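Visitor: Below you'll find entry00.txt; it's compact mmCIF, C-alpha atoms.
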```
# COMPACT_ATOMS: atom_id res chain seq x y z
CA MET V 1 159.41 128.77 140.61
CA ASN V 2 158.34 125.88 142.79
CA ILE V 3 156.52 125.54 146.07
CA LEU V 4 157.10 122.35 148.03
CA VAL V 5 154.12 120.44 149.37
CA ILE V 6 155.64 117.83 151.66
CA ARG V 7 153.96 114.43 152.09
CA ALA V 8 154.01 111.71 154.70
CA PRO V 9 152.13 108.43 155.13
CA GLY V 10 148.54 109.49 155.93
CA THR V 11 148.69 112.95 154.35
CA ASN V 12 145.55 114.18 152.60
CA CYS V 13 144.58 117.08 150.33
CA ASP V 14 148.18 117.48 149.09
CA VAL V 15 146.87 117.32 145.50
CA GLU V 16 144.19 119.95 146.22
CA THR V 17 146.89 122.15 147.78
CA VAL V 18 149.06 121.85 144.65
CA ARG V 19 146.07 122.71 142.47
CA GLY V 20 145.18 125.73 144.62
CA ILE V 21 148.75 127.07 144.30
CA LYS V 22 148.85 126.48 140.53
CA GLU V 23 145.60 128.43 140.24
CA CYS V 24 147.56 131.40 141.70
CA GLY V 25 150.20 131.23 138.96
CA LEU V 26 153.07 129.41 140.68
CA ASN V 27 154.15 125.81 140.34
CA ALA V 28 154.01 123.32 143.20
CA ILE V 29 155.09 119.72 143.57
CA THR V 30 154.58 117.09 146.24
CA VAL V 31 157.66 115.42 147.70
CA HIS V 32 157.76 112.63 150.28
CA THR V 33 159.38 113.47 153.63
CA ASP V 34 161.85 110.58 153.19
CA LYS V 35 163.30 112.24 150.06
CA LEU V 36 164.12 115.34 152.10
CA LEU V 37 165.51 113.32 154.99
CA GLU V 38 167.81 111.26 152.75
CA GLY V 39 169.06 114.49 151.17
CA SER V 40 168.15 113.75 147.55
CA ILE V 41 166.00 116.90 147.47
CA ASP V 42 167.14 120.23 148.87
CA LEU V 43 164.65 122.39 150.76
CA PHE V 44 166.28 125.54 149.38
CA GLU V 45 165.27 124.67 145.82
CA PHE V 46 161.83 125.86 146.89
CA TYR V 47 160.42 129.27 147.73
CA ALA V 48 157.79 128.10 150.14
CA LEU V 49 156.87 125.00 152.11
CA VAL V 50 153.35 123.75 152.71
CA ILE V 51 152.73 121.01 155.28
CA PRO V 52 149.27 119.70 154.40
CA GLY V 53 146.59 118.08 156.52
CA GLY V 54 145.84 114.45 157.22
CA PHE V 55 146.72 111.85 159.79
CA SER V 56 150.46 111.44 159.32
CA TYR V 57 151.90 108.19 160.68
CA GLY V 58 148.43 107.27 161.90
CA ASP V 59 148.47 110.03 164.54
CA SER V 60 150.63 107.71 166.67
CA VAL V 61 151.73 109.21 170.03
CA ARG V 62 149.62 112.32 169.21
CA ALA V 63 148.71 114.20 166.01
CA GLY V 64 151.82 115.53 164.27
CA ALA V 65 154.31 114.21 166.84
CA ILE V 66 155.99 111.54 164.68
CA TRP V 67 156.22 113.73 161.59
CA ALA V 68 157.70 116.53 163.70
CA ALA V 69 160.23 114.14 165.25
CA LYS V 70 161.31 112.98 161.76
CA LEU V 71 161.81 116.57 160.57
CA ASN V 72 163.46 117.48 163.88
CA SER V 73 166.02 114.68 163.45
CA LYS V 74 167.61 116.11 160.30
CA LEU V 75 165.94 119.25 159.00
CA LEU V 76 165.19 121.56 161.91
CA ASN V 77 168.16 123.88 161.33
CA SER V 78 167.44 124.04 157.59
CA LEU V 79 163.81 124.85 158.34
CA ARG V 80 164.89 127.67 160.68
CA ASP V 81 167.22 129.10 158.00
CA PHE V 82 164.43 128.77 155.44
CA ILE V 83 162.10 130.76 157.70
CA ASP V 84 164.77 133.35 158.61
CA ASP V 85 165.26 133.87 154.88
CA GLY V 86 161.65 135.10 154.72
CA ARG V 87 160.33 132.10 152.80
CA PRO V 88 156.71 131.25 153.64
CA VAL V 89 155.78 128.11 155.58
CA LEU V 90 152.10 127.16 155.75
CA GLY V 91 150.82 124.38 158.03
CA ILE V 92 147.28 123.21 157.39
CA CYS V 93 145.51 121.16 160.08
CA ASN V 94 148.00 118.29 160.67
CA GLY V 95 150.65 120.68 159.30
CA PHE V 96 149.74 123.17 162.06
CA GLN V 97 150.16 120.40 164.64
CA VAL V 98 153.60 119.60 163.16
CA LEU V 99 154.75 123.26 163.30
CA VAL V 100 153.63 123.46 166.94
CA GLU V 101 155.41 120.22 167.86
CA LEU V 102 158.59 121.50 166.18
CA GLY V 103 158.45 124.75 168.14
CA LEU V 104 158.40 126.69 164.82
CA LEU V 105 155.11 128.14 166.03
CA PRO V 106 154.90 130.46 167.93
CA GLY V 107 158.59 130.44 166.89
CA TRP V 108 160.15 132.54 169.64
CA ASN V 109 163.31 130.63 170.40
CA ASP V 110 165.65 127.91 169.23
CA ASN V 111 164.26 125.46 171.75
CA SER V 112 162.31 122.76 169.93
CA THR V 113 160.13 121.97 172.97
CA PRO V 114 156.57 123.09 172.18
CA SER V 115 155.23 126.13 174.04
CA VAL V 116 151.62 125.62 172.87
CA ALA V 117 149.59 122.48 172.16
CA LEU V 118 146.67 121.16 170.11
CA ALA V 119 144.81 118.75 172.39
CA PRO V 120 141.92 116.40 171.58
CA ASN V 121 138.64 118.24 170.92
CA ILE V 122 136.57 118.89 174.03
CA SER V 123 133.54 117.31 172.28
CA GLY V 124 135.42 114.00 172.05
CA LYS V 125 134.40 113.90 168.38
CA PHE V 126 135.98 114.24 164.98
CA GLU V 127 134.66 117.68 163.97
CA CYS V 128 134.09 117.85 160.22
CA ARG V 129 132.06 120.78 158.86
CA TRP V 130 132.13 124.41 157.69
CA ILE V 131 132.91 127.03 160.30
CA ASN V 132 133.18 130.81 160.55
CA LEU V 133 136.48 132.51 161.21
CA ARG V 134 137.34 136.10 162.00
CA VAL V 135 140.63 137.47 160.71
CA ALA V 136 142.51 138.85 163.71
CA ASN V 137 145.63 140.18 161.99
CA VAL V 138 146.49 140.94 158.36
CA ASN V 139 150.12 142.08 158.64
CA ASN V 140 151.59 138.89 157.28
CA VAL V 141 152.40 136.93 154.17
CA PHE V 142 149.11 135.02 153.97
CA LEU V 143 146.27 137.41 154.70
CA ARG V 144 146.97 140.54 152.66
CA TYR V 145 143.75 140.15 150.66
CA PHE V 146 141.58 140.26 153.76
CA SER V 147 140.86 143.15 156.08
CA LYS V 148 141.01 142.88 159.84
CA ASN V 149 137.79 141.38 161.23
CA SER V 150 136.64 140.02 157.87
CA ILE V 151 134.74 136.76 158.19
CA LEU V 152 135.87 133.66 156.34
CA ARG V 153 134.09 130.38 155.71
CA LEU V 154 136.37 127.36 155.64
CA PRO V 155 135.90 123.67 156.41
CA ILE V 156 137.51 121.88 159.35
CA ALA V 157 138.21 118.15 159.76
CA HIS V 158 140.11 117.22 162.89
CA SER V 159 139.91 115.52 166.26
CA GLU V 160 142.93 117.22 167.86
CA GLY V 161 142.47 120.97 167.41
CA ARG V 162 141.94 122.35 170.93
CA PHE V 163 144.51 125.16 171.13
CA ILE V 164 146.10 125.32 174.56
CA ALA V 165 148.63 127.77 175.97
CA SER V 166 149.41 129.34 179.33
CA LYS V 167 148.07 132.82 180.18
CA ASN V 168 151.54 134.24 179.80
CA ILE V 169 152.01 132.74 176.32
CA LEU V 170 148.55 133.93 175.26
CA SER V 171 149.27 137.50 176.27
CA ILE V 172 152.54 137.49 174.30
CA LEU V 173 150.74 136.04 171.25
CA GLU V 174 148.17 138.79 171.48
CA LYS V 175 150.70 141.57 172.09
CA ASN V 176 152.78 140.46 169.08
CA GLY V 177 149.72 140.21 166.83
CA GLN V 178 150.47 136.53 166.24
CA ILE V 179 146.87 135.34 166.39
CA ALA V 180 145.74 134.96 162.76
CA PHE V 181 142.19 133.59 163.08
CA LYS V 182 139.55 133.12 165.73
CA TYR V 183 136.41 130.97 165.48
CA CYS V 184 133.33 133.22 165.48
CA LEU V 185 129.54 133.27 165.15
CA PRO V 186 128.07 133.62 161.63
CA ASN V 187 127.65 137.37 162.30
CA GLY V 188 131.31 137.77 163.25
CA LYS V 189 130.77 138.12 167.01
CA PRO V 190 133.21 136.12 169.17
CA ALA V 191 132.26 132.47 169.68
CA ASP V 192 133.36 132.80 173.33
CA MET V 193 133.99 129.04 173.52
CA LEU V 194 130.38 128.32 172.47
CA TYR V 195 130.06 124.93 170.75
CA PRO V 196 129.69 124.24 167.82
CA PHE V 197 130.95 127.67 166.65
CA ASN V 198 134.16 127.05 168.54
CA PRO V 199 134.34 123.43 167.36
CA ASN V 200 137.09 122.06 169.60
CA GLY V 201 137.31 124.09 172.82
CA SER V 202 140.29 126.21 171.72
CA ILE V 203 141.21 128.78 174.32
CA MET V 204 140.28 132.34 173.20
CA ASP V 205 138.66 130.70 170.11
CA ILE V 206 142.08 130.54 168.47
CA ALA V 207 142.02 128.75 165.08
CA GLY V 208 145.41 129.78 163.69
CA ILE V 209 148.64 131.52 164.74
CA MET V 210 151.73 132.97 163.05
CA ASN V 211 155.38 133.49 163.90
CA PRO V 212 156.37 137.08 164.84
CA ALA V 213 157.69 137.83 161.33
CA GLY V 214 154.42 136.69 159.74
CA ASN V 215 155.89 134.21 157.23
CA VAL V 216 154.86 131.06 159.12
CA LEU V 217 151.14 130.35 159.50
CA GLY V 218 149.43 127.36 161.06
CA LEU V 219 145.67 126.91 160.96
CA MET V 220 143.23 124.10 161.71
CA PRO V 221 140.77 124.83 158.81
CA HIS V 222 141.50 123.63 155.26
CA PRO V 223 141.89 126.49 152.72
CA GLU V 224 142.56 124.01 149.88
CA ARG V 225 139.01 122.71 150.30
CA ALA V 226 137.60 126.20 149.67
CA VAL V 227 139.46 127.36 146.56
CA TYR V 228 136.62 127.21 143.98
CA PHE V 229 132.99 128.28 144.17
CA TRP V 230 131.88 124.73 143.44
CA GLN V 231 133.55 123.50 146.64
CA LEU V 232 131.49 125.84 148.84
CA PRO V 233 128.34 124.89 150.74
CA THR V 234 126.51 127.76 148.99
CA PHE V 235 126.90 125.98 145.62
CA PRO V 236 124.97 126.02 143.29
CA SER V 237 123.11 129.15 144.42
CA ASN V 238 126.45 131.05 144.46
CA ILE V 239 126.74 130.76 140.65
CA ALA V 240 124.66 133.92 140.30
CA ALA V 241 127.15 135.89 142.43
CA LYS V 242 129.87 135.25 139.80
CA THR V 243 132.58 134.95 142.42
CA TYR V 244 134.78 132.24 141.09
CA PHE V 245 136.92 131.70 144.17
CA GLY V 246 136.31 130.75 147.81
CA ASP V 247 138.12 132.22 150.83
CA GLY V 248 140.83 129.55 150.75
CA TYR V 249 142.04 130.76 147.35
CA TRP V 250 142.96 134.19 148.74
CA ILE V 251 145.26 132.65 151.35
CA PHE V 252 147.25 130.86 148.61
CA LYS V 253 147.07 133.94 146.36
CA SER V 254 148.49 136.15 149.10
CA MET V 255 151.38 133.72 149.69
CA CYS V 256 152.12 133.37 145.96
CA ASP V 257 152.04 137.12 145.28
CA TYR V 258 154.42 137.67 148.21
CA ILE V 259 156.83 135.12 146.67
CA ILE V 260 156.62 136.75 143.23
CA GLU V 261 157.38 140.16 144.75
CA HIS V 262 160.25 139.03 146.98
CA PHE V 263 161.97 136.23 145.12
CA GLN V 264 161.42 136.77 141.40
CA MET K 1 176.98 99.83 178.72
CA VAL K 2 174.14 99.74 181.26
CA LYS K 3 170.74 98.28 180.39
CA TYR K 4 167.44 99.65 181.67
CA LYS K 5 163.79 98.70 181.40
CA VAL K 6 161.67 101.86 181.22
CA LYS K 7 157.95 102.42 181.71
CA VAL K 8 156.39 105.80 180.87
CA GLU K 9 152.84 107.02 181.50
CA VAL K 10 151.42 110.09 179.73
CA TRP K 11 148.19 111.76 180.89
CA LEU K 12 146.30 114.89 179.83
CA LYS K 13 146.88 117.43 182.62
CA ASP K 14 144.24 117.37 185.39
CA ASN K 15 142.91 120.86 184.59
CA LEU K 16 142.04 119.86 180.99
CA VAL K 17 138.77 118.15 180.04
CA ASP K 18 139.45 114.55 179.02
CA ALA K 19 136.66 113.79 176.53
CA GLU K 20 137.65 110.15 176.07
CA GLY K 21 137.68 109.66 179.84
CA LYS K 22 134.17 111.13 180.04
CA MET K 23 133.01 108.75 177.32
CA VAL K 24 134.44 105.74 179.16
CA GLU K 25 132.89 106.95 182.42
CA GLU K 26 129.46 107.19 180.77
CA SER K 27 129.83 103.70 179.32
CA LEU K 28 130.87 102.16 182.63
CA LYS K 29 127.86 103.85 184.26
CA ASP K 30 125.65 102.33 181.54
CA LEU K 31 127.02 98.94 182.56
CA GLY K 32 125.98 99.64 186.13
CA TYR K 33 129.28 100.62 187.76
CA ASN K 34 129.45 103.59 190.11
CA VAL K 35 132.62 105.18 188.69
CA GLN K 36 133.84 108.78 188.82
CA SER K 37 136.79 110.80 187.53
CA VAL K 38 137.74 108.45 184.70
CA ARG K 39 140.83 109.58 182.77
CA VAL K 40 142.49 107.88 179.81
CA GLY K 41 146.27 107.86 179.41
CA LYS K 42 148.94 106.16 177.36
CA SER K 43 151.72 103.94 178.59
CA TYR K 44 154.97 103.03 176.88
CA SER K 45 157.56 100.45 177.75
CA PHE K 46 161.02 100.05 176.25
CA ASN K 47 164.54 98.82 176.91
CA LEU K 48 167.24 101.46 176.90
CA ASP K 49 171.02 101.04 176.62
CA LEU K 50 173.14 103.82 178.08
CA SER K 51 176.83 104.43 178.56
CA ASN K 52 177.96 104.19 182.22
CA ASP K 53 178.21 107.91 182.79
CA SER K 54 174.74 108.91 181.43
CA LEU K 55 172.04 109.84 183.89
CA VAL K 56 169.11 107.61 183.03
CA GLU K 57 166.49 109.95 184.57
CA LYS K 58 167.78 112.83 182.50
CA VAL K 59 167.68 110.83 179.27
CA VAL K 60 164.17 109.43 179.85
CA ASP K 61 162.91 112.90 180.76
CA GLU K 62 164.33 114.15 177.46
CA ILE K 63 162.60 111.28 175.60
CA CYS K 64 159.30 112.32 177.17
CA ARG K 65 159.74 116.00 176.35
CA ARG K 66 160.96 115.42 172.80
CA LEU K 67 158.34 112.91 171.71
CA LEU K 68 156.10 111.03 174.13
CA ALA K 69 154.50 114.08 175.80
CA ASN K 70 153.77 117.69 174.95
CA PRO K 71 154.50 119.31 178.34
CA VAL K 72 152.02 122.11 177.61
CA LYS K 73 149.07 119.72 177.81
CA ASP K 74 150.48 116.46 179.19
CA LYS K 75 151.89 115.27 182.50
CA TYR K 76 154.11 112.21 182.55
CA PHE K 77 155.71 109.77 184.99
CA PHE K 78 158.34 107.15 184.42
CA LYS K 79 160.01 104.24 186.19
CA VAL K 80 163.43 102.85 185.32
CA MET K 81 164.87 99.50 186.35
CA ARG K 82 168.41 98.27 185.73
CA TYR K 83 168.71 94.76 184.36
CA GLU K 84 171.40 92.31 183.29
CA GLU K 85 171.06 90.06 180.25
```
Turn this file's structure into C-alpha cells for me.
Guide:
Amino acid sequence: MNILVIRAPGTNCDVETVRGIKECGLNAITVHTDKLLEGSIDLFEFYALVIPGGFSYGDSVRAGAIWAAKLNSKLLNSLRDFIDDGRPVLGICNGFQVLVELGLLPGWNDNSTPSVALAPNISGKFECRWINLRVANVNNVFLRYFSKNSILRLPIAHSEGRFIASKNILSILEKNGQIAFKYCLPNGKPADMLYPFNPNGSIMDIAGIMNPAGNVLGLMPHPERAVYFWQLPTFPSNIAAKTYFGDGYWIFKSMCDYIIEHFQ
Amino acid sequence: MVKYKVKVEVWLKDNLVDAEGKMVEESLKDLGYNVQSVRVGKSYSFNLDLSNDSLVEKVVDEICRRLLANPVKDKYFFKVMRYEE
C-alpha cells in the first residue's frame, strides 16, 4: 500500500517524509510532478498524497504558485475526486502554500481561486527554528494521537508563512473547526501575534488548517524533521526519557493508521 | 487574431505590512534620502494573441487571478495595448 510523495524542482525533505511514513508501517515513494502530468502514473494508485516542503520552481511569482498552476492545468479534478474519496492529502510548508493556491484549502467550493493566502513573513526574514504549536482541533485524519490543546514542538523554515484571510473567512474556519494548529508560547498560552513565538505574523496565530472533512491538512512546520528523538533540540538529554519519537511522527502515524483502517 | 502588449503590476495590499518595502526604506534613509511609504511590487510584461471576439480585459484579469496575484493579499493593475506586426 503506497503513499505518494510528489516532487518538483526545488522540493526538499521528500526523502525524510518517505522515511517517516515507512516508520509507521506503510510504503511511500517519491514521484516527479511531470510523471503525473504526462499521465504515466495514476494518482489513484495511491492511498494518500503528501506535498512536501521546499522552494518549488524557485518560488517564482510567489511561493507555491507555479506548482499549483501546473497541478491545476491537468490534475485539479482528479485531486478533488481523490479528496472526496476520503484519501488523505498532507501539505507541508511549500505543500501548504500549494493547497491554498489550488483552493483545496479551506476547500469549500469548486472555485480554484484562493480564499486565503500565505504572505511574506512580517519580519522580512527567512524564519528557521523550533516553535511551539497548540493543537486546536483533533477531529481529523492527522491528529488523532493528540488531545485538544496539547503542545507540539516542530521546526519551521519559511519566508512566506503569514496566514491571511478576511474576518468572514476566519469566522467560518473557526466555526467549522478547520483550524488545526496555532503558534503559542512555550507554556501553551496564545502567542497573540507576539514575535518570535508567532514567527511570521499569521492572523490569529494560525499555523495550519484543514478542509471541513478533515482529510486535507496544510501546515507551515515540518513534521518530517521531528520524527526521531535524535532530530529534536532536546537531544542528547532526551535519551533518558526513552521516547523514541518526536511530535512529527504522530502526525504521520495518525494518517497511516487511518489509511490502514479505511482502505485495507 | 488580435495582438496585444500587456503590462501587469502586482502589489501587496495597502493594509498589509510590506517587510521588503520597509527594508528598502531603511536603506534609502541610510543613504541620506528622505523617503517614506516605500512598497515593493512585481511587474510583468507579455504579448498576448486573442481571437477577435475575446474581451482582452476579461482574459488578463483571469490571468492575474489564476497565477500572477493572490487576490486575498495582492492588488493588481494592468494596461493593454493593441499592436500590429
Visitor: Please work out which residues fall within 8 Å of (177.0, 102.1, 177.6), coordinates as given in the file, with all atoms listed in the file counting, and return them as a PDB file with C-alpha atoms, keeping the file's coordinate frame.
Guide:
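And here's result.pdb as it stands now:
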```pdb
ATOM      1  CA  MET K   1     176.980  99.830 178.720  1.00  0.00           C
ATOM      2  CA  VAL K   2     174.140  99.740 181.260  1.00  0.00           C
ATOM      3  CA  LYS K   3     170.740  98.280 180.390  1.00  0.00           C
ATOM      4  CA  ASP K  49     171.020 101.040 176.620  1.00  0.00           C
ATOM      5  CA  LEU K  50     173.140 103.820 178.080  1.00  0.00           C
ATOM      6  CA  SER K  51     176.830 104.430 178.560  1.00  0.00           C
ATOM      7  CA  ASN K  52     177.960 104.190 182.220  1.00  0.00           C
ATOM      8  CA  ASP K  53     178.210 107.910 182.790  1.00  0.00           C
TER       9      ASP K  53
END
```
Visitor: Using only C-alpha atoms, what table do you get, as a tab-separated table, when you list each residue of chain K with an atom no more than 9 Å from chain V, its nearest pair of atoms, and their distance in Å rounded to one decimal, rows by chain then rising number?
Guide:
```
residue	atom	partner	partner_atom	distance
K:Leu12	CA	V:Ala119	CA	8.5
K:Leu16	CA	V:Ile122	CA	8.9
K:Val17	CA	V:Ile122	CA	6.4
K:Asp18	CA	V:Ile122	CA	7.2
K:Ala19	CA	V:Gly124	CA	4.7
K:Glu20	CA	V:Gly124	CA	6.0
K:Lys22	CA	V:Gly124	CA	8.6
K:Met23	CA	V:Gly124	CA	7.8
K:Lys42	CA	V:Val61	CA	8.4
K:Arg65	CA	V:Thr113	CA	6.9
K:Arg66	CA	V:Thr113	CA	6.6
K:Leu67	CA	V:Ala65	CA	6.5
K:Leu68	CA	V:Val61	CA	6.3
K:Ala69	CA	V:Val61	CA	8.0
K:Asn70	CA	V:Pro114	CA	6.7
K:Pro71	CA	V:Pro114	CA	7.5
K:Val72	CA	V:Val116	CA	5.9
K:Lys73	CA	V:Ala117	CA	6.3
```
Visitor: Rank K:Tyr83, K:Trp11, K:Phe77, K:Tyr33 by their smallest atom-to-atom distance to Val60 (chain K), using all atoms listed in the file, and report the top residue only.
Guide: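 Of the candidates, the smallest distance to Val60 (chain K) is held by K:Phe77.
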Visitor: Report, in Å to a single decimal, how far apart CA of Thr11 (chain V) and CA of Arg162 (chain V) are.
Guide: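 If I compute the distance from CA of Arg162 (chain V) to CA of Thr11 (chain V), I get 20.2 Å.
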Visitor: Please provide the set of residues having any atom within 12 Å of Arg225 (chain V), restricted to all atoms listed in the file, with same-chain residues fewer than 4 positions apart removed, written as an mmCIF file with C-alpha atoms, keeping the file's coordinate frame.
Guide:
```cif
data_model
loop_
_atom_site.group_PDB
_atom_site.id
_atom_site.type_symbol
_atom_site.label_atom_id
_atom_site.label_comp_id
_atom_site.auth_asym_id
_atom_site.auth_seq_id
_atom_site.Cartn_x
_atom_site.Cartn_y
_atom_site.Cartn_z
ATOM 1 C CA ASN V 12 145.550 114.180 152.600
ATOM 2 C CA CYS V 13 144.580 117.080 150.330
ATOM 3 C CA ASP V 14 148.180 117.480 149.090
ATOM 4 C CA VAL V 15 146.870 117.320 145.500
ATOM 5 C CA GLU V 16 144.190 119.950 146.220
ATOM 6 C CA THR V 17 146.890 122.150 147.780
ATOM 7 C CA VAL V 18 149.060 121.850 144.650
ATOM 8 C CA ARG V 19 146.070 122.710 142.470
ATOM 9 C CA GLY V 20 145.180 125.730 144.620
ATOM 10 C CA PRO V 52 149.270 119.700 154.400
ATOM 11 C CA GLY V 53 146.590 118.080 156.520
ATOM 12 C CA ILE V 92 147.280 123.210 157.390
ATOM 13 C CA CYS V 93 145.510 121.160 160.080
ATOM 14 C CA ARG V 129 132.060 120.780 158.860
ATOM 15 C CA TRP V 130 132.130 124.410 157.690
ATOM 16 C CA ARG V 153 134.090 130.380 155.710
ATOM 17 C CA LEU V 154 136.370 127.360 155.640
ATOM 18 C CA PRO V 155 135.900 123.670 156.410
ATOM 19 C CA ILE V 156 137.510 121.880 159.350
ATOM 20 C CA ALA V 157 138.210 118.150 159.760
ATOM 21 C CA PRO V 221 140.770 124.830 158.810
ATOM 22 C CA PHE V 229 132.990 128.280 144.170
ATOM 23 C CA TRP V 230 131.880 124.730 143.440
ATOM 24 C CA GLN V 231 133.550 123.500 146.640
ATOM 25 C CA LEU V 232 131.490 125.840 148.840
ATOM 26 C CA PRO V 233 128.340 124.890 150.740
ATOM 27 C CA PHE V 245 136.920 131.700 144.170
ATOM 28 C CA GLY V 246 136.310 130.750 147.810
ATOM 29 C CA ASP V 247 138.120 132.220 150.830
ATOM 30 C CA GLY V 248 140.830 129.550 150.750
ATOM 31 C CA TYR V 249 142.040 130.760 147.350
ATOM 32 C CA ILE V 251 145.260 132.650 151.350
ATOM 33 C CA PHE V 252 147.250 130.860 148.610
#
```
Visitor: Counting all atoms listed in the file, what is within 9 Å of Lys7 (chain K), bar same-chain residues fewer than 4 positions away, as a PyMOL selection string?
Guide: chain K and resi 43-47+77-81
Visitor: For those residues, write C-alpha atoms to a file as a short mmCIF file (atom, residue, chain, number, x, y, z; two decimals), in the frame of the given file.
Guide:
```cif
data_model
loop_
_atom_site.label_atom_id
_atom_site.label_comp_id
_atom_site.auth_asym_id
_atom_site.auth_seq_id
_atom_site.Cartn_x
_atom_site.Cartn_y
_atom_site.Cartn_z
CA SER K 43 151.72 103.94 178.59
CA TYR K 44 154.97 103.03 176.88
CA SER K 45 157.56 100.45 177.75
CA PHE K 46 161.02 100.05 176.25
CA ASN K 47 164.54 98.82 176.91
CA PHE K 77 155.71 109.77 184.99
CA PHE K 78 158.34 107.15 184.42
CA LYS K 79 160.01 104.24 186.19
CA VAL K 80 163.43 102.85 185.32
CA MET K 81 164.87 99.50 186.35
#
```
Visitor: For each of K:Leu28, K:Val35, K:Val40, K:Leu48, take the minimum atom-to-atom distance to Asp14 (chain K), counting all atoms listed in the file, then give the residue where this is smallest.
Guide: K:Val40
Visitor: Between CA of Asn94 (chain V) and CA of Glu160 (chain V), what is the distance in Å, rounded to a tenth?
Guide: 8.9 Å
Visitor: Can you tell me, as lines of an AutoDock Vina configuration file, the centre and edge lengths (Å, one decimal) of the axis-aligned box enclosing all of region 56-68 of chain K's listed atoms after padding each side by 6 Å?
Guide:
```
center_x = 162.6
center_y = 111.8
center_z = 178.1
size_x = 25.0
size_y = 20.4
size_z = 24.9
```
Visitor: Between CA of Val141 (chain V) and CA of Ile179 (chain V), what distance in Å does the model show, to one decimal?
Guide: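 Rounded to one decimal, the two atoms are 13.5 Å apart.
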Visitor: Between K:Val24, K:Val6, K:Gly41, K:Leu55, single out the one closest to Asp74 (chain K), counting all atoms listed in the file.
Guide: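 Result for the nearest residue to Asp74 (chain K): K:Gly41.
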Visitor: Using all atoms listed in the file, can you list as a list in words the residues within 9 Å of (128.1, 133.2, 159.7)?
Guide: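 Residues with an atom at most 9 Å from (128.1, 133.2, 159.7): Ile131, Asn132, Leu133, Ile151, Leu152, Arg153, Cys184, Leu185, Pro186, Asn187 and Gly188 of chain V.
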Visitor: Could region 219-235 of chain V be completed with N, CA and C atoms and written as a PDB file, in the frame of the given file, please?
Guide:
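rebuild.pdb written:
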```pdb
ATOM      1  N   LEU V 219     147.103 126.773 160.703  1.00  0.00           N
ATOM      2  CA  LEU V 219     145.670 126.910 160.960  1.00  0.00           C
ATOM      3  C   LEU V 219     144.986 125.558 160.905  1.00  0.00           C
ATOM      4  N   MET V 220     143.953 125.372 161.724  1.00  0.00           N
ATOM      5  CA  MET V 220     143.230 124.100 161.710  1.00  0.00           C
ATOM      6  C   MET V 220     142.335 123.958 160.483  1.00  0.00           C
ATOM      7  N   PRO V 221     141.632 125.001 159.991  1.00  0.00           N
ATOM      8  CA  PRO V 221     140.770 124.830 158.810  1.00  0.00           C
ATOM      9  C   PRO V 221     141.579 124.549 157.532  1.00  0.00           C
ATOM     10  N   HIS V 222     140.882 124.060 156.514  1.00  0.00           N
ATOM     11  CA  HIS V 222     141.500 123.630 155.260  1.00  0.00           C
ATOM     12  C   HIS V 222     141.229 124.616 154.118  1.00  0.00           C
ATOM     13  N   PRO V 223     142.133 125.558 153.825  1.00  0.00           N
ATOM     14  CA  PRO V 223     141.890 126.490 152.720  1.00  0.00           C
ATOM     15  C   PRO V 223     141.803 125.801 151.351  1.00  0.00           C
ATOM     16  N   GLU V 224     142.548 124.684 151.195  1.00  0.00           N
ATOM     17  CA  GLU V 224     142.560 124.010 149.880  1.00  0.00           C
ATOM     18  C   GLU V 224     141.218 123.365 149.558  1.00  0.00           C
ATOM     19  N   ARG V 225     140.350 123.259 150.556  1.00  0.00           N
ATOM     20  CA  ARG V 225     139.010 122.710 150.300  1.00  0.00           C
ATOM     21  C   ARG V 225     137.998 123.817 150.046  1.00  0.00           C
ATOM     22  N   ALA V 226     138.498 125.058 149.915  1.00  0.00           N
ATOM     23  CA  ALA V 226     137.600 126.200 149.670  1.00  0.00           C
ATOM     24  C   ALA V 226     138.220 127.132 148.647  1.00  0.00           C
ATOM     25  N   VAL V 227     138.802 126.548 147.592  1.00  0.00           N
ATOM     26  CA  VAL V 227     139.460 127.360 146.560  1.00  0.00           C
ATOM     27  C   VAL V 227     138.443 127.821 145.515  1.00  0.00           C
ATOM     28  N   TYR V 228     137.567 126.906 145.071  1.00  0.00           N
ATOM     29  CA  TYR V 228     136.620 127.210 143.980  1.00  0.00           C
ATOM     30  C   TYR V 228     135.191 127.327 144.504  1.00  0.00           C
ATOM     31  N   PHE V 229     134.382 128.073 143.749  1.00  0.00           N
ATOM     32  CA  PHE V 229     132.990 128.280 144.170  1.00  0.00           C
ATOM     33  C   PHE V 229     132.226 126.965 144.268  1.00  0.00           C
ATOM     34  N   TRP V 230     132.610 126.002 143.435  1.00  0.00           N
ATOM     35  CA  TRP V 230     131.880 124.730 143.440  1.00  0.00           C
ATOM     36  C   TRP V 230     132.258 123.818 144.604  1.00  0.00           C
ATOM     37  N   GLN V 231     133.230 124.257 145.421  1.00  0.00           N
ATOM     38  CA  GLN V 231     133.550 123.500 146.640  1.00  0.00           C
ATOM     39  C   GLN V 231     132.753 124.016 147.843  1.00  0.00           C
ATOM     40  N   LEU V 232     132.093 125.164 147.677  1.00  0.00           N
ATOM     41  CA  LEU V 232     131.490 125.840 148.840  1.00  0.00           C
ATOM     42  C   LEU V 232     130.094 125.307 149.135  1.00  0.00           C
ATOM     43  N   PRO V 233     129.679 125.396 150.396  1.00  0.00           N
ATOM     44  CA  PRO V 233     128.340 124.890 150.740  1.00  0.00           C
ATOM     45  C   PRO V 233     127.219 125.719 150.128  1.00  0.00           C
ATOM     46  N   THR V 234     127.536 126.918 149.625  1.00  0.00           N
ATOM     47  CA  THR V 234     126.510 127.760 148.990  1.00  0.00           C
ATOM     48  C   THR V 234     126.268 127.357 147.531  1.00  0.00           C
ATOM     49  N   PHE V 235     127.088 126.437 146.997  1.00  0.00           N
ATOM     50  CA  PHE V 235     126.900 125.980 145.620  1.00  0.00           C
ATOM     51  C   PHE V 235     125.613 125.151 145.532  1.00  0.00           C
TER      52      PHE V 235
END
```
